[in-house]
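Report on one structure; see the data block that follows.
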Amino acid sequence: MSLEMYQEQIIERYRNPVNIGTVENPDATAKDYNPSCGDDVEIQIKFDNDVIRDIKFQGHGCAISQSSTDLLMDLVKKKNVKETQNITKEMFLEKVGIPFSPLRLKCALLGFKVFKLALYSYLGK
Amino acid sequence: MSLEMYQEQIIERYRNPVNIGTVENPDATAKDYNPSCGDDVEIQIKFDNDVIRDIKFQGHGCAISQSSTDLLMDLVKKKNVKETQNITKEMFLEKVGIPFSPLRLKCALLGFKVFKLALYSYLGK
Amino acid sequence: MDVEKIRGDFPILKRKINNKPLVFLDSASTSQKPQQVIDAIKNYYENHNANPHRSIYTLCDEATQIYEKSRGKVSKFINAKKDEEIVFVRNTNEAMNIVAYSYAMNNLKEGDEILLTIMEHHANIVPWQMLQKKGVKLKFIDINDDGTLKMDTINDMITKNTKIVSVVHKSNVLGTINHVKEIGKIAHDNGSLFVVDGAQSVPHMPVDVKDIDCDFLAFSGHKMLAPMNIGVLYGKKEILEKMEPFMRGSDMIKEVQLTESVWNDSPWKFEAGTPNVEGAIGLSEAIDYLKGVGLDNISGYEEKLTEYALEKLNGISGVKLVSPGNAKLRNGVISFNIGGVHSHDIAYILDEFGVAIRSGHMCAQPLLRRFGFQSVARASFYLYNAKEEIDTFVEGLEKVKKVFGK
Amino acid sequence: MDVEKIRGDFPILKRKINNKPLVFLDSASTSQKPQQVIDAIKNYYENHNANPHRSIYTLCDEATQIYEKSRGKVSKFINAKKDEEIVFVRNTNEAMNIVAYSYAMNNLKEGDEILLTIMEHHANIVPWQMLQKKGVKLKFIDINDDGTLKMDTINDMITKNTKIVSVVHKSNVLGTINHVKEIGKIAHDNGSLFVVDGAQSVPHMPVDVKDIDCDFLAFSGHKMLAPMNIGVLYGKKEILEKMEPFMRGSDMIKEVQLTESVWNDSPWKFEAGTPNVEGAIGLSEAIDYLKGVGLDNISGYEEKLTEYALEKLNGISGVKLVSPGNAKLRNGVISFNIGGVHSHDIAYILDEFGVAIRSGHMCAQPLLRRFGFQSVARASFYLYNAKEEIDTFVEGLEKVKKVFGK
Ligand SMILES: Cc1ncc(COP(=O)(O)O)c(C=O)c1O
Ligand SMILES: Cc1ncc(COP(=O)(O)O)c(C=O)c1O
């Protein structure tokens, strides 16, 4: 039954996200919406020699979109731009390891999409 | 069989319309189209004390639209405005006496519609 | 009203979702279709399909008759004066765009105002925003906490510059039915054009344009048992006649020269290109179905379902209605939240029970913000919903609370 | 190509008209639908219907998948680079209006020129006439007497002010297929936007937008076995992205504030309101059908039918083709007159034989005037037409001559 997606970890992260907030003098900021529901995620990143020194998010949305964004931050923090640039949707989902229902992929990937937007804007500089 | 609509009279009037042309110093002029085929009829009327002294038409169109307009002129010429104003579609069709197919009613009534427009524009003056 | 019989007419209700029978509580979003409508579409394509208005052969004539008779059916359904007052469109959104582009963009000027309400659907907000670039100002009537419009503020908000008043008849979030007749009188006394968004009213209650005396009424077929992509813009004949066309091209003309054209008569001048005969016959059949059951019966039945549902919801701790109020105020539409749980999660968990509800911003973000929400869950009822389906819905809500440890 | 088998797929071909089997020779106007498409519609409403993109429940997800997969199907069919280059519209007319309103009205200015051809359908003339009020000039490339475009005059007609070149791929009156790739190169070399009206080409021959390198391509589903009211505007991604939206309202936004909104990404920003999922799945199914038969096979077969018909018509005195020429030039479209007989009368008498042909101005008045006609008769062929049907057609024409005493 696909309610197993709502694992302890997801509910816990949804209630008490670890990486929520803003970053001082961010080098990259990006925001996007899920148009069908109006959910949004904004991500701010501070780099240090192309290494992600700090990354934070703010947003409104369901347990899936918010907690998966929070988990994504754990994954990319302290990593270098190159490494994170190569992370695909599939790799991200695999690493997070939650059996997201296909119905909820858009939710699960909202933060990932915004993260990529932020990277592009940084690299574009 | 509904080809009986193409009576001698219709074909003859289509080839050699009696009331074709223009009127000198018309008191009323009207023109309309059948939007689906681009056919058109323009009617000009000269009145004499509210009596239709002269009425002529010009147009492009099928045997049905053109000959029925021609036949209409016979019917209203020398008549007075009041009388012709009261002629309904149904009366007109009955008087002409041709068994127009329902498919072709729009054609058969194009001239009638334009005639009514001309009358209104005269009465509106 | 024989609900069991009605349910038998809707083939999709036999569908299983996650091994449970479908409980469709999202009719305010789009309605399901009875076999009669599906068969009418099938019959049209199998026996009568042609491009109407264009030629002289039997199928073409049949298609034309089907199309124009459907227009007549719609006209009678909303009690229009003339069939030519019915413009077939794709949906309510397009209907509003016709008024915004063809009427407002051509008639309003800097300093003019458009009066809307805070409870409008995006379809009745975003088209008007376009007018701002002409210097037109948008104003929004506020609502009370029970979801009713602040009627007493309208006289203050309407000014000599108010050229258009456009109001939703029944809110898709609150269920509130606005006093459109009264608002229309205020608008007309002020010399303003009066537009009504009937997307939620026309499918659920008798609507009479002569009685309301609106200048325009917009609604969508897909919310009233008809196929997708057929909708209606009703407009008073004298206004439609004076309006510029919107879409330009074939069929909306009488004559085309290289650099100018003569427009067709309305309503055809607003229907460019090959029209949707399938949609028209589908809508006609849907109207027959609704009339057969009776619009009064439908709204009465929806009220009963709402009453039952509200009673149940009141018993669940943590459930918060967007606007409180009884069944008479909510009219088959219940928007709510469960503290701390996002509407998407509610909808998703309900889906495990076969229950389909809407979640998200409801295409009414300003209204949601007014109540301090970013998203809500909504259950909405229609003639084919059974009382027992509400029990399943409630069962699902209990599960939501469990998953989120409430 | 097994025509008998194909005919078996089209239920309407069992229809009797005036007690004769239907001979449908008006597919250039609208096509008939195979059982596969009709069943897809039925199946959609009986099992999957919901408003896509809006919520989180199984039916909604299915409807969204059906809709977006259909977009992908169309994208591959015309070899677009990305699925997001496909905007679902109602018909070719609407597609052209999007380009005229959202691109041209916002980007062209006084003194600019739009280059069209004299053989355009009204759908590719009337929308551009609107630009004239901005001081934009329309110019029309002329044609040769055989119905081909005067290619050698284009270089003279295109100027530095020519901002848009918009050309029909295949004429609905002449059957002429224009060299769009070549014209596109001239347009692009000149820095002009290149728009193609593919209403008659996409249903009948392989069309590849990458190969043509057009900026926009418009076509209608109903002419290619799909339901009414679904069509396509293909647009290059970078152009769509920069364009203002056309219809404004719900679903085409990311966020709505009272006085401003954030647009959705394209193509969704051009699809306001509840979309036509039924039409999309119908179009997808129609594409599968056409691909199954093979577009090359279809155009080859149509050429054979045209050859046979031209041979027969040449044998009837008094029949005058609008533009003479062989089957390779006419491509399944034969427009003609019979001296002194109006096209309506021809069409009506043919109907007595069960034969459906188009009559009238063909929505191409400037072209007809160019050849000195006010109206013509047109027979057009598609994959489901049989050779014997042409014999019935010819039999009918003999009767026309008899009625009119020729
Ligand atoms: C060449 C051409 N362009 C445009 C159209 C308009 O198509 P629609 O009526 O589907 O908008 C047609 C068909 O009538 C056509 O043949
Ligand atoms: C009140 C209201 N107005 C307008 C609309 C828009 O309808 P459509 O998507 O059919 O254009 C809706 C439905 O979503 C609605 O509820």
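Here, A, B, ... name the chains of the structure tokens in the order displayed, residue numbers run from 1 inside each chain, and ligands are numbered from 1 in the same displayed order.
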Determine which residues of region 9-108 of chain A receive a DSSP assignment of strand (DSSP E or B), computed from the backbone, and state them as a PyMOL selection string.
chain A and resi 20+28-34+39-48+51-60+80
So that I can check the surroundings of region 352-358 of chain C, please list as a PDB file with N, CA, C and O atoms, in the first residue's frame every protein, DNA and RNA residue that reaches within 6 Å of it, counting only C-alpha atoms and ignoring chain neighbours fewer than 6 positions away.
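Generated file (result_16.pdb):
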```pdb
ATOM      1  N   ILE C  17     -10.890   2.205  -7.564  1.00  0.00           N
ATOM      2  CA  ILE C  17      -9.649   2.946  -7.336  1.00  0.00           C
ATOM      3  C   ILE C  17      -8.963   2.313  -6.139  1.00  0.00           C
ATOM      4  O   ILE C  17      -9.566   2.243  -5.057  1.00  0.00           O
ATOM      5  N   ASN C  18      -7.758   1.865  -6.314  1.00  0.00           N
ATOM      6  CA  ASN C  18      -7.071   1.147  -5.232  1.00  0.00           C
ATOM      7  C   ASN C  18      -7.985   0.075  -4.636  1.00  0.00           C
ATOM      8  O   ASN C  18      -8.088  -0.073  -3.420  1.00  0.00           O
ATOM      9  N   LYS C  20     -11.012  -0.014  -4.296  1.00  0.00           N
ATOM     10  CA  LYS C  20     -12.249   0.451  -3.655  1.00  0.00           C
ATOM     11  C   LYS C  20     -13.128   1.098  -4.718  1.00  0.00           C
ATOM     12  O   LYS C  20     -12.612   1.643  -5.700  1.00  0.00           O
ATOM     13  N   PRO C  21     -14.446   1.084  -4.520  1.00  0.00           N
ATOM     14  CA  PRO C  21     -15.308   1.776  -5.494  1.00  0.00           C
ATOM     15  C   PRO C  21     -14.978   3.278  -5.506  1.00  0.00           C
ATOM     16  O   PRO C  21     -14.711   3.849  -4.451  1.00  0.00           O
ATOM     17  N   LEU C  22     -14.977   3.842  -6.698  1.00  0.00           N
ATOM     18  CA  LEU C  22     -14.735   5.286  -6.827  1.00  0.00           C
ATOM     19  C   LEU C  22     -15.784   6.083  -6.050  1.00  0.00           C
ATOM     20  O   LEU C  22     -16.982   5.864  -6.206  1.00  0.00           O
ATOM     21  N   VAL C  23     -15.311   7.003  -5.232  1.00  0.00           N
ATOM     22  CA  VAL C  23     -16.217   7.979  -4.589  1.00  0.00           C
ATOM     23  C   VAL C  23     -15.798   9.337  -5.128  1.00  0.00           C
ATOM     24  O   VAL C  23     -14.783   9.897  -4.715  1.00  0.00           O
ATOM     25  N   PHE C  24     -16.559   9.845  -6.089  1.00  0.00           N
ATOM     26  CA  PHE C  24     -16.123  11.062  -6.784  1.00  0.00           C
ATOM     27  C   PHE C  24     -16.725  12.295  -6.121  1.00  0.00           C
ATOM     28  O   PHE C  24     -17.905  12.590  -6.294  1.00  0.00           O
ATOM     29  N   LEU C  25     -15.915  13.006  -5.373  1.00  0.00           N
ATOM     30  CA  LEU C  25     -16.388  14.210  -4.669  1.00  0.00           C
ATOM     31  C   LEU C  25     -15.670  15.447  -5.201  1.00  0.00           C
ATOM     32  O   LEU C  25     -15.288  16.339  -4.449  1.00  0.00           O
ATOM     33  N   ASP C  26     -15.497  15.490  -6.531  1.00  0.00           N
ATOM     34  CA  ASP C  26     -14.821  16.647  -7.128  1.00  0.00           C
ATOM     35  C   ASP C  26     -15.604  17.194  -8.313  1.00  0.00           C
ATOM     36  O   ASP C  26     -15.040  17.657  -9.306  1.00  0.00           O
ATOM     37  N   ALA C 377      -8.523  21.625   1.112  1.00  0.00           N
ATOM     38  CA  ALA C 377      -9.147  20.433   0.540  1.00  0.00           C
ATOM     39  C   ALA C 377     -10.620  20.760   0.320  1.00  0.00           C
ATOM     40  O   ALA C 377     -11.201  21.541   1.069  1.00  0.00           O
ATOM     41  N   ARG C 378     -11.187  20.196  -0.745  1.00  0.00           N
ATOM     42  CA  ARG C 378     -12.601  20.491  -1.015  1.00  0.00           C
ATOM     43  C   ARG C 378     -13.343  19.231  -1.452  1.00  0.00           C
ATOM     44  O   ARG C 378     -12.902  18.538  -2.366  1.00  0.00           O
ATOM     45  N   ALA C 379     -14.457  18.973  -0.789  1.00  0.00           N
ATOM     46  CA  ALA C 379     -15.365  17.925  -1.257  1.00  0.00           C
ATOM     47  C   ALA C 379     -16.574  18.621  -1.850  1.00  0.00           C
ATOM     48  O   ALA C 379     -17.084  19.584  -1.282  1.00  0.00           O
TER      49      ALA C 379
ATOM     50  N   SER D  55      -5.340  18.192  -9.068  1.00  0.00           N
ATOM     51  CA  SER D  55      -5.393  17.607  -7.737  1.00  0.00           C
ATOM     52  C   SER D  55      -4.558  16.349  -7.678  1.00  0.00           C
ATOM     53  O   SER D  55      -3.844  15.995  -8.620  1.00  0.00           O
ATOM     54  N   TYR D  57      -5.408  12.790  -7.115  1.00  0.00           N
ATOM     55  CA  TYR D  57      -6.138  11.528  -6.953  1.00  0.00           C
ATOM     56  C   TYR D  57      -6.003  10.756  -8.249  1.00  0.00           C
ATOM     57  O   TYR D  57      -5.582  11.312  -9.267  1.00  0.00           O
TER      58      TYR D  57
END
```
What is the CA of Glu389 (chain D) to CA of Pro11 (chain D) distance in Å?
16.6 Å
With only C-alpha atoms as the basis for distance, which of C:Val196, C:Leu283, C:Ile56, C:Met105 is at the shortest distance from chain D?
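Looking at the shortest contact to chain D, the residue is C:Ile56.
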Closest pair table for chain C residues within 8 Å of ligand 1, only C-alpha atoms and all ligand atoms, as a tab-separated table:
```
residue	atom	partner	partner_atom_place_in_ligand_line	distance
C:Gly249	CA	ligand 1	11 (O)	7.8
C:Ser250	CA	ligand 1	9 (O)	6.7
C:Asp251	CA	ligand 1	9 (O)	7.9
C:Ala272	CA	ligand 1	11 (O)	7.0
C:Gly273	CA	ligand 1	9 (O)	3.5
C:Thr274	CA	ligand 1	9 (O)	3.7
C:Pro275	CA	ligand 1	9 (O)	7.3
```
For the selection just defined, write its residues with N, CA, C and O atoms to a file, as a PDB file, in the first residue's frame.
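The resulting file, again.pdb, is shown below:
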```pdb
ATOM      1  N   GLY C 249     -11.126  34.893 -38.443  1.00  0.00           N
ATOM      2  CA  GLY C 249     -10.766  33.835 -39.382  1.00  0.00           C
ATOM      3  C   GLY C 249     -11.964  33.409 -40.194  1.00  0.00           C
ATOM      4  O   GLY C 249     -12.759  34.242 -40.637  1.00  0.00           O
ATOM      5  N   SER C 250     -12.115  32.110 -40.383  1.00  0.00           N
ATOM      6  CA  SER C 250     -13.198  31.627 -41.229  1.00  0.00           C
ATOM      7  C   SER C 250     -14.492  31.514 -40.432  1.00  0.00           C
ATOM      8  O   SER C 250     -14.483  31.477 -39.203  1.00  0.00           O
ATOM      9  N   ASP C 251     -15.604  31.473 -41.149  1.00  0.00           N
ATOM     10  CA  ASP C 251     -16.950  31.278 -40.590  1.00  0.00           C
ATOM     11  C   ASP C 251     -17.467  32.473 -39.796  1.00  0.00           C
ATOM     12  O   ASP C 251     -18.655  32.581 -39.580  1.00  0.00           O
ATOM     13  N   ALA C 272     -15.086  31.485 -34.616  1.00  0.00           N
ATOM     14  CA  ALA C 272     -14.208  31.335 -35.773  1.00  0.00           C
ATOM     15  C   ALA C 272     -13.815  29.878 -35.980  1.00  0.00           C
ATOM     16  O   ALA C 272     -13.499  29.182 -35.030  1.00  0.00           O
ATOM     17  N   GLY C 273     -13.852  29.459 -37.230  1.00  0.00           N
ATOM     18  CA  GLY C 273     -13.373  28.126 -37.571  1.00  0.00           C
ATOM     19  C   GLY C 273     -14.400  27.042 -37.324  1.00  0.00           C
ATOM     20  O   GLY C 273     -15.541  27.303 -36.943  1.00  0.00           O
ATOM     21  N   THR C 274     -13.987  25.826 -37.552  1.00  0.00           N
ATOM     22  CA  THR C 274     -14.864  24.679 -37.392  1.00  0.00           C
ATOM     23  C   THR C 274     -15.361  24.616 -35.952  1.00  0.00           C
ATOM     24  O   THR C 274     -14.570  24.594 -35.023  1.00  0.00           O
ATOM     25  N   PRO C 275     -16.680  24.625 -35.766  1.00  0.00           N
ATOM     26  CA  PRO C 275     -17.223  24.639 -34.402  1.00  0.00           C
ATOM     27  C   PRO C 275     -17.258  23.240 -33.797  1.00  0.00           C
ATOM     28  O   PRO C 275     -16.969  22.250 -34.469  1.00  0.00           O
TER      29      PRO C 275
END
```
If you count only C-alpha atoms and all ligand atoms, which residues end up within 10 Å of ligand 2, as a PyMOL selection string?
(chain C and resi 27-30+89-96+119-125+167-173+175+196-201+218-223+228-232+362-364) or (chain D and resi 51+54+249-251+271-276)
Residues of chain B within 12 Å of chain C, counting only C-alpha atoms - could you list those as a list in words?
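Close enough to count are Lys31, Asp32, Tyr33, Asn34, Pro35, Ser36, Cys37, Gly38, Asp39, Asp40, Cys62, Ser101, Pro102, Leu103, Arg104, Leu105, Lys106 and Cys107 of chain B.
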For His342 (chain D), which residue among B:Gln58, B:Asn49, B:Ser65, B:Ser121 is the nearest when counting only C-alpha atoms?
B:Ser65
Name the residues in contact with Lys95 (chain B) at a cut-off of 12 Å, using only C-alpha atoms, excluding same-chain residues fewer than 3 positions from it; report them as a list in words.
Ser68, Leu71, Leu72, Asp74, Leu75, Val76, Ile87, Thr88, Lys89, Glu90, Met91, Phe92, Ile98 and Pro99 of chain B
Can I get the selection written as a tab-separated table (two decimals), in the first residue's frame, with all heavy atoms?
```tsv
chain	number	residue	atom	x	y	z
B	68	SER	N	-35.50	32.45	-56.78
B	68	SER	CA	-36.54	32.77	-55.80
B	68	SER	C	-36.59	34.27	-55.53
B	68	SER	O	-37.66	34.83	-55.26
B	68	SER	CB	-36.34	31.97	-54.51
B	68	SER	OG	-35.15	32.38	-53.88
B	71	LEU	N	-38.55	35.66	-58.40
B	71	LEU	CA	-39.98	35.40	-58.26
B	71	LEU	C	-40.61	36.30	-57.19
B	71	LEU	O	-41.75	36.74	-57.32
B	71	LEU	CB	-40.22	33.92	-57.90
B	71	LEU	CG	-39.94	32.94	-59.05
B	71	LEU	CD1	-39.84	31.51	-58.52
B	71	LEU	CD2	-41.04	33.03	-60.12
B	72	LEU	N	-39.82	36.55	-56.14
B	72	LEU	CA	-40.31	37.43	-55.08
B	72	LEU	C	-40.69	38.81	-55.62
B	72	LEU	O	-41.69	39.41	-55.21
B	72	LEU	CB	-39.22	37.57	-53.99
B	72	LEU	CG	-39.43	38.67	-52.95
B	72	LEU	CD1	-40.54	38.30	-51.99
B	72	LEU	CD2	-38.15	38.93	-52.16
B	74	ASP	N	-41.78	39.65	-58.56
B	74	ASP	CA	-43.09	39.59	-59.21
B	74	ASP	C	-44.20	39.78	-58.18
B	74	ASP	O	-45.20	40.46	-58.41
B	74	ASP	CB	-43.32	38.20	-59.84
B	74	ASP	CG	-42.46	37.98	-61.08
B	74	ASP	OD1	-41.63	38.86	-61.39
B	74	ASP	OD2	-42.60	36.90	-61.70
B	75	LEU	N	-43.97	39.12	-57.05
B	75	LEU	CA	-44.98	39.05	-56.02
B	75	LEU	C	-45.24	40.39	-55.34
B	75	LEU	O	-46.37	40.69	-54.94
B	75	LEU	CB	-44.50	38.06	-54.98
B	75	LEU	CG	-45.49	37.01	-54.54
B	75	LEU	CD1	-44.81	35.65	-54.59
B	75	LEU	CD2	-45.97	37.30	-53.14
B	76	VAL	N	-44.19	41.17	-55.16
B	76	VAL	CA	-44.35	42.39	-54.36
B	76	VAL	C	-44.52	43.65	-55.20
B	76	VAL	O	-44.92	44.70	-54.69
B	76	VAL	CB	-43.17	42.60	-53.38
B	76	VAL	CG1	-43.09	41.42	-52.41
B	76	VAL	CG2	-41.85	42.76	-54.13
B	87	ILE	N	-46.12	40.01	-45.17
B	87	ILE	CA	-45.80	38.70	-45.77
B	87	ILE	C	-44.77	37.99	-44.89
B	87	ILE	O	-43.71	38.51	-44.60
B	87	ILE	CB	-45.22	38.86	-47.19
B	87	ILE	CG1	-46.20	39.63	-48.09
B	87	ILE	CG2	-44.91	37.49	-47.79
B	87	ILE	CD1	-45.69	39.85	-49.49
B	88	THR	N	-45.12	36.78	-44.45
B	88	THR	CA	-44.17	35.99	-43.66
B	88	THR	C	-43.40	35.07	-44.60
B	88	THR	O	-43.80	34.86	-45.75
B	88	THR	CB	-44.89	35.12	-42.63
B	88	THR	OG1	-45.73	34.22	-43.34
B	88	THR	CG2	-45.73	35.97	-41.69
B	89	LYS	N	-42.31	34.52	-44.08
B	89	LYS	CA	-41.54	33.52	-44.81
B	89	LYS	C	-42.46	32.45	-45.38
B	89	LYS	O	-42.38	32.06	-46.55
B	89	LYS	CB	-40.60	32.76	-43.85
B	89	LYS	CG	-39.30	33.42	-43.55
B	89	LYS	CD	-38.38	32.47	-42.79
B	89	LYS	CE	-38.35	32.84	-41.32
B	89	LYS	NZ	-37.31	32.09	-40.56
B	90	GLU	N	-43.31	31.95	-44.49
B	90	GLU	CA	-44.18	30.83	-44.86
B	90	GLU	C	-45.10	31.23	-46.02
B	90	GLU	O	-45.30	30.47	-46.97
B	90	GLU	CB	-45.00	30.37	-43.66
B	90	GLU	CG	-44.19	29.72	-42.54
B	90	GLU	CD	-43.31	30.70	-41.76
B	90	GLU	OE1	-43.63	31.92	-41.74
B	90	GLU	OE2	-42.28	30.26	-41.19
B	91	MET	N	-45.67	32.46	-45.94
B	91	MET	CA	-46.57	32.91	-47.00
B	91	MET	C	-45.81	33.03	-48.31
B	91	MET	O	-46.30	32.65	-49.37
B	91	MET	CB	-47.16	34.27	-46.62
B	91	MET	CG	-48.19	34.20	-45.51
B	91	MET	SD	-48.43	35.83	-44.72
B	91	MET	CE	-49.19	36.74	-46.07
B	92	PHE	N	-44.61	33.56	-48.21
B	92	PHE	CA	-43.82	33.72	-49.42
B	92	PHE	C	-43.57	32.36	-50.07
B	92	PHE	O	-43.80	32.17	-51.27
B	92	PHE	CB	-42.47	34.40	-49.08
B	92	PHE	CG	-41.43	34.28	-50.14
B	92	PHE	CD1	-41.63	34.83	-51.42
B	92	PHE	CD2	-40.23	33.60	-49.90
B	92	PHE	CE1	-40.66	34.71	-52.40
B	92	PHE	CE2	-39.28	33.49	-50.88
B	92	PHE	CZ	-39.49	34.03	-52.14
B	98	ILE	N	-42.95	26.47	-55.03
B	98	ILE	CA	-41.93	25.49	-55.39
B	98	ILE	C	-41.62	24.65	-54.13
B	98	ILE	O	-41.49	25.21	-53.05
B	98	ILE	CB	-40.61	26.19	-55.82
B	98	ILE	CG1	-40.89	27.25	-56.89
B	98	ILE	CG2	-39.56	25.17	-56.24
B	98	ILE	CD1	-41.02	26.73	-58.27
B	99	PRO	N	-41.54	23.33	-54.28
B	99	PRO	CA	-41.28	22.50	-53.09
B	99	PRO	C	-39.80	22.55	-52.69
B	99	PRO	O	-39.07	21.59	-52.89
B	99	PRO	CB	-41.70	21.10	-53.55
B	99	PRO	CG	-41.48	21.12	-55.03
B	99	PRO	CD	-41.72	22.52	-55.50
```
Determine, counting only C-alpha atoms, which protein, DNA and RNA residues have an atom within 6 Å of an atom of Lys56 (chain B); residues of the same chain fewer than 6 positions away are not included. Present the result as an mmCIF file with N, CA and C atoms, in the first residue's frame.
```cif
data_model
loop_
_atom_site.group_PDB
_atom_site.id
_atom_site.type_symbol
_atom_site.label_atom_id
_atom_site.label_comp_id
_atom_site.auth_asym_id
_atom_site.auth_seq_id
_atom_site.Cartn_x
_atom_site.Cartn_y
_atom_site.Cartn_z
ATOM 1 N N ASN B 19 -36.263 40.307 -63.254
ATOM 2 C CA ASN B 19 -36.171 41.526 -62.442
ATOM 3 C C ASN B 19 -34.745 41.907 -62.074
ATOM 4 N N ILE B 20 -33.819 41.567 -62.899
ATOM 5 C CA ILE B 20 -32.428 41.860 -62.576
ATOM 6 C C ILE B 20 -32.092 43.284 -62.986
ATOM 7 N N GLY B 21 -31.190 43.882 -62.249
ATOM 8 C CA GLY B 21 -30.748 45.224 -62.623
ATOM 9 C C GLY B 21 -30.772 46.186 -61.458
ATOM 10 N N THR B 22 -30.767 47.471 -61.775
ATOM 11 C CA THR B 22 -30.805 48.485 -60.734
ATOM 12 C C THR B 22 -31.963 49.440 -61.014
ATOM 13 N N ILE B 43 -30.862 44.372 -53.289
ATOM 14 C CA ILE B 43 -32.173 44.775 -53.803
ATOM 15 C C ILE B 43 -32.313 46.295 -53.741
ATOM 16 N N GLN B 44 -32.883 46.855 -54.779
ATOM 17 C CA GLN B 44 -33.158 48.294 -54.780
ATOM 18 C C GLN B 44 -34.654 48.501 -55.038
#
```
Shell of 10 Å around Asp27 (chain B), only C-alpha atoms, local chain residues under 2 positions omitted, as a PyMOL selection string
chain B and resi 23-25+29+44-48+52+118-119+121-122+125
So which bits of region 2-118 of chain B end up helix (DSSP H, G or I) when you DSSP the backbone, as a PyMOL selection string?
chain B and resi 2-5+8-15+63-76+81-85+89-96+102-118
Name all residues at most 10 Å from region 323-326 of chain C (count only C-alpha atoms; drop same-chain ones fewer than 2 positions away) and give them as a ChimeraX atom specification.
/C:144-148,173-176,303,306-307,310-311,320-321,328-331,334-336,371
Could you pull the residues within 9 Å of Ile12 (chain C), counting only C-alpha atoms, minus those fewer than 4 positions along the same chain, as a list in words?
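After dropping sequence-adjacent residues, the list is Lys16, Leu22, Gln32, Lys33 and Pro34 of chain C; Tyr45, Glu46, Asn47, His48 and Asn49 of chain D.
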Please produce an output containing N, CA and C atoms for each residue in the selection, written as a PDB file, in the first residue's frame.
```pdb
ATOM      1  N   LYS C  16     -13.066   0.990 -10.067  1.00  0.00           N
ATOM      2  CA  LYS C  16     -12.425   0.764  -8.768  1.00  0.00           C
ATOM      3  C   LYS C  16     -11.128   1.576  -8.708  1.00  0.00           C
ATOM      4  N   LEU C  22     -14.977   3.842  -6.698  1.00  0.00           N
ATOM      5  CA  LEU C  22     -14.735   5.286  -6.827  1.00  0.00           C
ATOM      6  C   LEU C  22     -15.784   6.083  -6.050  1.00  0.00           C
ATOM      7  N   GLN C  32     -18.823  14.060 -13.915  1.00  0.00           N
ATOM      8  CA  GLN C  32     -18.826  12.834 -14.710  1.00  0.00           C
ATOM      9  C   GLN C  32     -19.976  12.873 -15.720  1.00  0.00           C
ATOM     10  N   LYS C  33     -19.941  11.953 -16.699  1.00  0.00           N
ATOM     11  CA  LYS C  33     -20.912  12.003 -17.800  1.00  0.00           C
ATOM     12  C   LYS C  33     -21.837  10.796 -17.782  1.00  0.00           C
ATOM     13  N   PRO C  34     -23.138  11.020 -17.959  1.00  0.00           N
ATOM     14  CA  PRO C  34     -24.056   9.886 -18.042  1.00  0.00           C
ATOM     15  C   PRO C  34     -23.937   9.186 -19.406  1.00  0.00           C
TER      16      PRO C  34
ATOM     17  N   TYR D  45     -14.372   8.801 -21.088  1.00  0.00           N
ATOM     18  CA  TYR D  45     -15.455   9.253 -20.208  1.00  0.00           C
ATOM     19  C   TYR D  45     -15.972   8.147 -19.296  1.00  0.00           C
ATOM     20  N   GLU D  46     -15.884   6.902 -19.753  1.00  0.00           N
ATOM     21  CA  GLU D  46     -16.416   5.815 -18.922  1.00  0.00           C
ATOM     22  C   GLU D  46     -15.448   5.378 -17.835  1.00  0.00           C
ATOM     23  N   ASN D  47     -14.159   5.732 -17.989  1.00  0.00           N
ATOM     24  CA  ASN D  47     -13.183   5.193 -17.049  1.00  0.00           C
ATOM     25  C   ASN D  47     -12.172   6.154 -16.450  1.00  0.00           C
ATOM     26  N   HIS D  48     -11.901   7.279 -17.094  1.00  0.00           N
ATOM     27  CA  HIS D  48     -10.766   8.092 -16.637  1.00  0.00           C
ATOM     28  C   HIS D  48     -11.045   9.572 -16.473  1.00  0.00           C
ATOM     29  N   ASN D  49     -12.257  10.016 -16.702  1.00  0.00           N
ATOM     30  CA  ASN D  49     -12.507  11.457 -16.788  1.00  0.00           C
ATOM     31  C   ASN D  49     -12.231  12.227 -15.490  1.00  0.00           C
TER      32      ASN D  49
END
```
May I ask for the distance between CA of Leu397 (chain D) and CA of Val376 (chain D), given in Å to one decimal place?
13.8 Å
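Distances from C:Met247, C:Val37, C:Ala80, C:Met205 to chain D were compared using only C-alpha atoms, and the smallest one belongs to C:Met247.
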